[in-house]
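J.: This is the content of model_39.cif (mmCIF, C-alpha atoms):
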data_input
loop_
_atom_site.label_atom_id
_atom_site.label_comp_id
_atom_site.auth_asym_id
_atom_site.auth_seq_id
_atom_site.Cartn_x
_atom_site.Cartn_y
_atom_site.Cartn_z
CA MET A 2 0.00 0.00 0.00
CA ASN A 3 1.44 3.39 -0.98
CA LYS A 4 1.69 6.24 1.48
CA THR A 5 -1.22 8.25 0.03
CA LYS A 6 -3.63 5.32 0.29
CA LEU A 7 -2.38 4.53 3.79
CA VAL A 8 -3.01 8.10 4.98
CA ALA A 9 -6.47 8.10 3.40
CA LYS A 10 -7.38 4.86 5.16
CA LEU A 11 -6.12 6.07 8.52
CA MET A 12 -7.97 9.38 8.21
CA SER A 13 -11.23 7.49 7.78
CA PHE A 14 -11.05 6.42 11.43
CA SER A 15 -11.70 9.27 13.84
CA LYS A 16 -11.27 7.50 17.19
CA LEU A 17 -8.10 6.08 18.68
CA SER A 18 -9.60 2.62 19.31
CA GLU A 19 -10.84 2.34 15.72
CA LEU A 20 -7.44 3.35 14.40
CA ILE A 21 -5.63 0.76 16.52
CA ASP A 22 -7.97 -1.97 15.28
CA ARG A 23 -7.42 -0.98 11.66
CA VAL A 24 -3.66 -0.81 12.00
CA SER A 25 -3.69 -4.19 13.74
CA VAL A 26 -5.47 -5.74 10.76
CA SER A 27 -2.81 -4.31 8.42
CA LEU A 28 0.04 -5.60 10.58
CA THR A 29 -1.51 -9.07 10.80
CA LYS A 30 -0.53 -9.56 7.17
CA LEU A 31 3.13 -9.33 8.23
CA ASP A 32 2.84 -12.47 10.38
CA LEU A 33 3.96 -10.61 13.51
CA GLU A 34 3.80 -12.21 16.94
CA ASN A 35 1.49 -9.56 18.46
CA PRO A 36 0.12 -7.17 15.79
CA TRP A 37 -2.44 -5.55 18.13
CA GLN A 38 0.21 -4.66 20.69
CA GLU A 39 2.45 -3.21 17.98
CA ALA A 40 -0.50 -1.26 16.57
CA ARG A 41 -1.21 0.18 20.02
CA LEU A 42 2.43 1.21 20.44
CA LEU A 43 2.67 2.74 16.97
CA VAL A 44 -0.57 4.70 17.26
CA GLY A 45 0.19 5.81 20.80
CA GLY A 46 3.75 6.71 19.87
CA GLY A 47 2.51 8.81 16.95
CA LEU A 48 0.29 10.70 19.37
CA GLY A 49 3.02 11.10 21.97
CA LEU A 50 1.17 8.91 24.47
CA THR A 51 2.55 6.30 26.83
CA PRO A 52 1.07 2.76 26.58
CA ASN A 53 -1.08 3.42 29.66
CA GLN A 54 -2.29 6.74 28.28
CA THR A 55 -3.16 5.03 25.01
CA LEU A 56 -5.33 2.49 26.85
CA GLN A 57 -7.00 5.22 28.89
CA ASN A 58 -7.90 7.38 25.89
CA GLN A 59 -9.59 4.92 23.54
CA LYS A 60 -12.31 7.44 22.55
CA ARG A 61 -9.83 10.20 21.78
CA GLU A 62 -10.51 11.94 18.45
CA ILE A 63 -7.72 11.72 15.86
CA THR A 64 -6.94 14.78 13.72
CA ALA A 65 -5.86 14.65 10.08
CA GLU A 66 -2.39 15.87 11.05
CA GLU A 67 -2.07 13.10 13.66
CA SER A 68 -3.23 10.51 11.14
CA THR A 69 -0.51 11.62 8.74
CA ARG A 70 2.12 11.39 11.48
CA ILE A 71 0.96 7.93 12.52
CA SER A 72 0.91 6.75 8.91
CA ARG A 73 4.63 7.47 8.62
CA LEU A 74 5.33 5.14 11.54
CA ILE A 75 3.03 2.44 10.14
CA LYS A 76 4.73 2.61 6.75
CA ARG A 77 8.14 2.04 8.36
CA ARG A 78 6.84 -0.99 10.25
CA VAL A 79 5.15 -2.39 7.14
CA GLN A 80 8.59 -2.26 5.54
CA ARG A 81 9.72 -4.45 8.47
CA GLU A 82 11.86 -1.81 10.16
CA PRO A 83 12.28 -2.89 13.81
CA MET A 84 10.10 -1.20 16.40
CA ALA A 85 13.24 -0.30 18.35
CA HIS A 86 14.58 1.65 15.35
CA ILE A 87 11.26 3.40 14.78
CA PHE A 88 11.18 4.70 18.35
CA GLY A 89 14.95 4.82 18.86
CA VAL A 90 14.96 3.02 22.21
CA ARG A 91 14.84 -0.50 23.67
CA GLU A 92 14.54 -1.54 27.30
CA PHE A 93 17.25 -3.79 28.73
CA TRP A 94 17.72 -4.60 32.41
CA SER A 95 15.00 -2.02 33.23
CA LEU A 96 17.00 0.73 31.51
CA GLU A 97 15.84 2.41 28.29
CA PHE A 98 18.78 2.35 25.88
CA GLU A 99 19.12 4.47 22.79
CA VAL A 100 19.46 2.16 19.80
CA GLY A 101 19.86 2.51 16.06
CA PRO A 102 21.29 0.88 12.92
CA GLU A 103 24.80 1.31 14.36
CA CYS A 104 24.50 -1.78 16.57
CA LEU A 105 22.45 -4.83 17.46
CA ILE A 106 19.20 -4.21 19.30
CA PRO A 107 19.58 -5.51 22.89
CA ARG A 108 17.77 -8.83 23.39
CA PRO A 109 16.09 -10.08 26.59
CA ASP A 110 18.05 -13.34 26.29
CA SER A 111 21.30 -11.39 26.76
CA GLU A 112 20.16 -10.30 30.21
CA CYS A 113 21.25 -13.71 31.48
CA LEU A 114 24.87 -12.53 31.11
CA VAL A 115 24.21 -9.70 33.55
CA GLU A 116 22.35 -12.06 35.89
CA ALA A 117 25.31 -14.45 35.91
CA ALA A 118 27.86 -11.69 36.50
CA LEU A 119 25.95 -10.15 39.40
CA GLU A 120 25.96 -13.54 41.13
CA PHE A 121 29.74 -13.47 41.56
CA LEU A 122 30.62 -9.75 41.55
CA PRO A 123 31.22 -8.42 45.07
CA THR A 124 28.46 -6.31 46.60
CA ASP A 125 30.76 -4.49 49.03
CA GLU A 126 33.03 -1.54 48.25
CA SER A 127 35.60 -3.66 46.40
CA ARG A 128 36.69 -2.15 43.12
CA VAL A 129 35.65 -4.09 40.02
CA ASP A 130 37.10 -3.53 36.55
CA VAL A 131 34.84 -4.60 33.69
CA LEU A 132 35.60 -5.00 29.98
CA ASP A 133 32.84 -5.35 27.38
CA LEU A 134 34.14 -6.69 24.05
CA GLY A 135 31.87 -5.77 21.15
CA THR A 136 29.92 -3.40 23.37
CA GLY A 137 27.34 -2.27 20.79
CA SER A 138 24.79 -0.14 22.67
CA GLY A 139 26.76 -0.67 25.89
CA CYS A 140 23.84 -2.56 27.43
CA LEU A 141 25.90 -5.23 29.23
CA LEU A 142 28.53 -2.89 30.65
CA LEU A 143 26.19 -0.06 31.64
CA SER A 144 23.61 -2.37 33.22
CA THR A 145 26.38 -3.82 35.38
CA LEU A 146 27.78 -0.42 36.38
CA ASN A 147 24.27 0.66 37.31
CA GLU A 148 24.07 -2.30 39.72
CA ARG A 149 27.59 -2.04 41.18
CA VAL A 150 28.49 1.52 42.19
CA ASN A 151 32.17 0.68 42.70
CA ALA A 152 32.56 -0.86 39.25
CA THR A 153 34.28 0.91 36.36
CA GLY A 154 34.48 -0.31 32.82
CA ILE A 155 35.64 -0.09 29.23
CA GLY A 156 33.42 -0.86 26.26
CA LEU A 157 35.22 -1.76 23.06
CA ASP A 158 33.74 -1.96 19.57
CA ILE A 159 35.21 -2.06 16.07
CA SER A 160 32.51 0.38 14.94
CA TYR A 161 33.07 4.06 15.73
CA GLU A 162 29.33 4.70 15.38
CA ALA A 163 28.49 1.95 17.89
CA ALA A 164 31.06 3.22 20.39
CA ALA A 165 29.65 6.75 20.06
CA LEU A 166 26.12 5.48 20.66
CA ALA A 167 27.25 3.53 23.74
CA ARG A 168 28.87 6.69 25.06
CA ARG A 169 25.60 8.57 24.65
CA ASN A 170 23.90 5.86 26.67
CA ALA A 171 26.50 6.28 29.40
CA TYR A 172 25.55 9.95 29.65
CA ARG A 173 21.88 9.01 29.46
CA PHE A 174 22.23 6.99 32.68
CA ASN A 175 24.79 9.28 34.32
CA LEU A 176 27.44 6.54 34.15
CA HIS A 177 29.89 8.43 31.93
CA ASP A 178 32.29 9.08 34.82
CA ARG A 179 32.80 5.33 35.36
CA SER A 180 32.88 4.16 31.74
CA HIS A 181 35.06 4.67 28.68
CA PHE A 182 34.41 3.54 25.13
CA VAL A 183 37.19 2.60 22.73
CA VAL A 184 37.24 1.80 19.03
CA GLY A 185 39.31 -1.28 18.24
CA ASN A 186 39.38 -4.91 17.19
CA TRP A 187 38.49 -6.97 20.25
CA GLY A 188 41.07 -6.43 22.99
CA ALA A 189 43.96 -5.16 20.89
CA ALA A 190 43.61 -1.57 22.12
CA VAL A 191 43.47 -2.52 25.82
CA LYS A 192 46.47 -3.33 28.04
CA GLN A 193 45.15 -3.74 31.61
CA SER A 194 43.49 -6.81 33.16
CA PHE A 195 39.86 -7.11 34.24
CA ASP A 196 37.80 -8.83 36.93
CA LEU A 197 34.89 -9.35 34.55
CA ILE A 198 34.93 -9.59 30.78
CA TYR A 199 31.72 -9.61 28.77
CA CYS A 200 31.67 -10.77 25.20
CA ASN A 201 28.69 -11.12 22.89
CA PRO A 202 30.43 -11.72 19.54
CA PRO A 203 28.83 -12.25 16.12
CA TYR A 204 27.84 -15.91 15.99
CA ILE A 205 25.45 -16.33 13.04
CA ARG A 206 26.81 -18.45 10.20
CA THR A 207 27.40 -16.30 7.11
CA CYS A 208 25.12 -18.49 5.00
CA ASP A 209 22.24 -18.11 7.50
CA ILE A 210 22.07 -14.30 7.67
CA ALA A 211 19.98 -13.84 4.53
CA GLY A 212 17.37 -16.24 5.91
CA LEU A 213 16.81 -14.31 9.14
CA MET A 214 13.70 -12.19 9.53
CA PRO A 215 13.99 -8.86 7.66
CA GLU A 216 14.11 -6.88 10.91
CA VAL A 217 17.52 -8.49 11.47
CA SER A 218 18.92 -9.31 8.02
CA VAL A 219 18.02 -5.94 6.48
CA TYR A 220 18.22 -3.47 9.35
CA GLU A 221 20.86 -4.73 11.79
CA PRO A 222 24.61 -4.44 11.01
CA HIS A 223 26.02 -7.59 9.43
CA LEU A 224 29.34 -6.79 11.09
CA ALA A 225 27.67 -7.58 14.43
CA LEU A 226 25.98 -10.74 13.10
CA ASP A 227 28.47 -12.55 10.88
CA GLY A 228 30.35 -15.28 12.73
CA GLY A 229 31.99 -16.78 9.65
CA ASP A 230 31.39 -20.07 7.88
CA ASP A 231 30.61 -22.03 11.07
CA GLY A 232 29.59 -19.16 13.36
CA LEU A 233 32.68 -19.66 15.53
CA SER A 234 35.27 -17.46 13.81
CA ARG A 235 35.07 -14.64 16.35
CA TYR A 236 35.42 -17.03 19.32
CA ARG A 237 38.67 -18.28 17.82
CA GLU A 238 39.92 -14.70 17.62
CA ILE A 239 38.78 -13.80 21.14
CA GLY A 240 40.08 -16.83 23.07
CA PRO A 241 43.80 -15.92 23.06
CA GLU A 242 42.96 -12.28 23.89
CA LEU A 243 41.02 -13.32 26.98
CA THR A 244 44.01 -15.04 28.58
CA ARG A 245 45.90 -11.74 28.34
CA LEU A 246 43.06 -9.50 29.56
CA LEU A 247 41.57 -11.57 32.38
CA ALA A 248 42.72 -11.02 35.97
CA PRO A 249 43.92 -14.19 37.78
CA ASN A 250 40.63 -14.63 39.65
CA GLY A 251 38.45 -12.97 37.03
CA LYS A 252 35.52 -14.38 35.07
CA VAL A 253 34.46 -14.23 31.44
CA CYS A 254 30.74 -14.14 30.55
CA VAL A 255 30.28 -14.97 26.89
CA GLU A 256 27.09 -15.33 24.88
CA VAL A 257 26.69 -18.26 22.49
CA GLY A 258 24.12 -19.30 19.91
CA LEU A 259 22.07 -22.45 19.64
CA GLY A 260 24.31 -25.53 19.55
CA GLN A 261 27.51 -23.56 20.13
CA SER A 262 27.99 -24.27 23.83
CA GLY A 263 30.15 -27.38 23.32
CA PRO A 264 32.42 -25.98 20.60
CA VAL A 265 33.05 -22.74 22.52
CA LYS A 266 33.94 -24.69 25.68
CA ARG A 267 36.52 -26.63 23.69
CA LEU A 268 37.93 -23.52 21.98
CA PHE A 269 38.32 -21.61 25.23
CA GLY A 270 39.62 -24.70 26.99
CA GLN A 271 42.50 -24.76 24.50
CA CYS A 272 43.34 -21.24 25.72
CA GLY A 273 43.54 -22.30 29.38
CA LEU A 274 40.00 -21.32 30.39
CA ASN A 275 37.62 -23.76 32.05
CA LEU A 276 33.85 -23.56 32.27
CA TRP A 277 32.84 -22.19 35.67
CA ALA A 278 29.07 -22.04 35.10
CA GLU A 279 26.41 -22.03 32.43
CA ARG A 280 23.15 -20.12 32.31
CA ARG A 281 20.17 -20.78 30.08
CA ASP A 282 18.01 -18.13 28.46
CA LEU A 283 14.22 -17.73 28.71
CA GLY A 284 13.75 -20.49 26.12
CA GLY A 285 15.93 -22.98 28.01
CA ILE A 286 18.84 -22.70 25.55
CA PRO A 287 22.40 -22.49 26.96
CA ARG A 288 23.12 -18.82 26.31
CA CYS A 289 25.75 -17.61 28.80
CA LEU A 290 28.98 -19.48 29.49
CA VAL A 291 31.12 -18.32 32.41
CA PHE A 292 34.84 -19.15 32.23
CA ALA A 293 37.75 -18.84 34.66
CA PHE A 294 41.43 -19.75 34.62
CA ARG A 295 42.16 -23.35 35.59
CA ASN A 296 44.12 -22.26 38.67
CA ALA A 297 41.16 -20.18 39.84
CA MET A 298 38.96 -23.24 39.36
CA ARG A 299 41.23 -25.30 41.61
CA ASN A 300 41.32 -22.60 44.28
CA GLY A 301 37.55 -22.11 44.44
CA SER A 302 34.39 -24.14 44.09
CA LYS A 303 32.32 -24.27 40.95
CA LYS A 304 29.23 -22.20 41.53
CA ARG A 305 25.63 -22.89 40.61
CA LEU A 306 23.95 -19.65 39.49
CA GLY A 307 20.20 -19.97 39.82
CA LYS A 308 19.18 -22.12 36.86
CA VAL A 309 22.78 -22.65 35.90
CA VAL A 310 24.22 -26.00 34.93
CA SER A 311 27.63 -26.12 36.61
CA SER A 312 30.62 -27.56 34.83
CA GLY A 313 31.45 -31.17 35.51
#
Can you dump the structure from the file as structure tokens?
T.:
Amino acid sequence: MNKTKLVAKLMSFSKLSELIDRVSVSLTKLDLENPWQEARLLVGGGLGLTPNQTLQNQKREITAEESTRISRLIKRRVQREPMAHIFGVREFWSLEFEVGPECLIPRPDSECLVEAALEFLPTDESRVDVLDLGTGSGCLLLSTLNERVNATGIGLDISYEAAALARRNAYRFNLHDRSHFVVGNWGAAVKQSFDLIYCNPPYIRTCDIAGLMPEVSVYEPHLALDGGDDGLSRYREIGPELTRLLAPNGKVCVEVGLGQSGPVKRLFGQCGLNLWAERRDLGGIPRCLVFAFRNAMRNGSKKRLGKVVSSG
């Protein structure tokens, strides 16, 4: 449907509730998981209303100017642009992060990395140094700093645009005085050691990217998706760097894709890192692997983190 026809159709509905229903019908054709919810967010967002305000103002009259503004948002969604890009924000760990085409949109499944890290990070006044490799929006690093007031951190990304966006998020949450963002290839630009290292590398096989839903394959940066022929290329690059960057008693929290848990354990094991714990995501898939140096494993017990499967 072209923009003129879309505007004309929207203008034929004068009440907010009618407009949401109509938009929902249009979005249903896209095979979305929850078209009515998306319609409510798009219509409400076009009117400058919060979700609660949208629900409370179902009989609100819609002007022609508002219909035109809403139609622009609907057109973007019909073209499969992600909702997070349309509104420019995505919630992660109860914080609203600025997002855009510069980086991956934060996923709820990645929150299990933060959950795992907070299980072993000290809660007292001990200083904690955190490194986030491939920081993207900065969601892992900044969520952790927000929870641990004595933690400081560095976020590193090969993309200048991603690092700049992460820095804006640091200011957004008033965490800029405890965080720095660096442009570089994995840990090459960093010399110190860290108590906690996050890493959520690209792990989609190159041949699989085109088959992902358009919201990902078209709108998210392939640089942050492409894990090489087998999806494991970036883990091979990262493993040797971790042994240089990790403090003697530090931990590495790394995200993996479906079926990659075993291969990544073997790859990191070859670098002198042993599995300390494993955490599953909301779908029950092993998503976060926690590694430590072998000596640290011998000097301390293996820990079970909530629904974590400890190493054997």
J.: Box for stretch 189-200 of chain A - axis-aligned, 6 Å on each of the six sides, all listed atoms - centre and size in Å to one decimal, as AutoDock Vina command-line options.
T.:
--center_x 39.1 --center_y -6.2 --center_z 28.9 --size_x 26.8 --size_y 21.2 --size_z 28.0
J.: Would you pick out the contacts of A:Ile286 at 12 Å or less, using all atoms listed in the file, so that residues sharing its chain but fewer than 3 positions from it are not included, and give the list as a compact mmCIF listing (two decimals) with C-alpha atoms, keeping the file's coordinate frame?
T.:
# COMPACT_ATOMS: atom_id res chain seq x y z
CA ASP A 110 18.05 -13.34 26.29
CA SER A 111 21.30 -11.39 26.76
CA CYS A 113 21.25 -13.71 31.48
CA GLU A 256 27.09 -15.33 24.88
CA VAL A 257 26.69 -18.26 22.49
CA GLY A 258 24.12 -19.30 19.91
CA LEU A 259 22.07 -22.45 19.64
CA GLY A 260 24.31 -25.53 19.55
CA GLN A 261 27.51 -23.56 20.13
CA SER A 262 27.99 -24.27 23.83
CA GLU A 279 26.41 -22.03 32.43
CA ARG A 280 23.15 -20.12 32.31
CA ARG A 281 20.17 -20.78 30.08
CA ASP A 282 18.01 -18.13 28.46
CA LEU A 283 14.22 -17.73 28.71
CA CYS A 289 25.75 -17.61 28.80
CA LEU A 290 28.98 -19.48 29.49
CA LYS A 308 19.18 -22.12 36.86
CA VAL A 309 22.78 -22.65 35.90
CA VAL A 310 24.22 -26.00 34.93
J.: Using the chain letters and numbers from this file, what does the PyMOL selection byres ((chain A and resi 80-97) around 7) select? Give the answer as a tab-separated table (two decimals) with C-alpha atoms, keeping the file's coordinate frame.
T.:
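Below is the file that was written, selection.tsv:
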chain	number	residue	atom	x	y	z
A	74	LEU	CA	5.33	5.14	11.54
A	76	LYS	CA	4.73	2.61	6.75
A	77	ARG	CA	8.14	2.04	8.36
A	78	ARG	CA	6.84	-0.99	10.25
A	79	VAL	CA	5.15	-2.39	7.14
A	98	PHE	CA	18.78	2.35	25.88
A	99	GLU	CA	19.12	4.47	22.79
A	100	VAL	CA	19.46	2.16	19.80
A	101	GLY	CA	19.86	2.51	16.06
A	107	PRO	CA	19.58	-5.51	22.89
A	109	PRO	CA	16.09	-10.08	26.59
A	112	GLU	CA	20.16	-10.30	30.21
A	140	CYS	CA	23.84	-2.56	27.43
A	144	SER	CA	23.61	-2.37	33.22
A	215	PRO	CA	13.99	-8.86	7.66
A	216	GLU	CA	14.11	-6.88	10.91
A	220	TYR	CA	18.22	-3.47	9.35
J.: What does the distance between atom CA of A:Leu17 and atom CA of A:Ile106 come to in Å, to one decimal place?
T.: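 Between atom CA of A:Leu17 and atom CA of A:Ile106 the gap is 29.2 Å.
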J.: Which residue out of A:Ser180, A:Thr136, A:Ser127, A:Thr145 has the minimum interatomic distance to A:Glu162 when all atoms listed in the file are used?
T.: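 Nearest to A:Glu162: A:Thr136.
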J.: Which of these, A:Ser160, A:Gln54, A:Asn250, A:Thr64, has the shortest distance to A:Leu42 once you count all atoms listed in the file?
T.: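 Ranking A:Ser160, A:Gln54, A:Asn250, A:Thr64 by distance to A:Leu42, first place goes to A:Gln54.
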J.: Determine the residue set returned by the PyMOL selection byres ((chain A and resi 182) around 8) for the present structure, and present it as a PyMOL selection string.
T.: chain A and resi 155-158+164-165+167-168+180-181+183-184
J.: Using only C-alpha atoms, which of A:Gln193, A:Asn186, A:Asn147, A:Asn53 sits nearest A:Leu224?
T.: A:Asn186
J.: Have a look at A:Ala278, A:Leu20, A:Ala211, A:Ala248 and name the one nearest to A:Lys60; count all atoms listed in the file.
T.: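 Ranked by minimum distance to A:Lys60, first place goes to A:Leu20.
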J.: Would you kindly translate the PyMOL selection byres ((chain A and resi 229) around 8) into the concrete residues it picks from this file, as a PyMOL selection string?
T.: chain A and resi 204-207+227-228+230-235
J.: A:Ala293: which residues within 8 Å, counting all atoms listed in the file, same-chain residues fewer than 6 positions away excluded, as a list in words?
T.: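 Counting all atoms listed in the file, the residues come to Asn250, Gly251, Lys252, Val253, Leu274, Asn275, Leu276 and Trp277 of chain A.
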J.: Point out the residue among A:Asn201, A:Asn151, A:Ser218, A:Thr55 with the least atom-to-atom distance to A:Ser138, counting only C-alpha atoms.
T.: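 Looking only at the distances to A:Ser138, the closest residue turns out to be A:Asn201.
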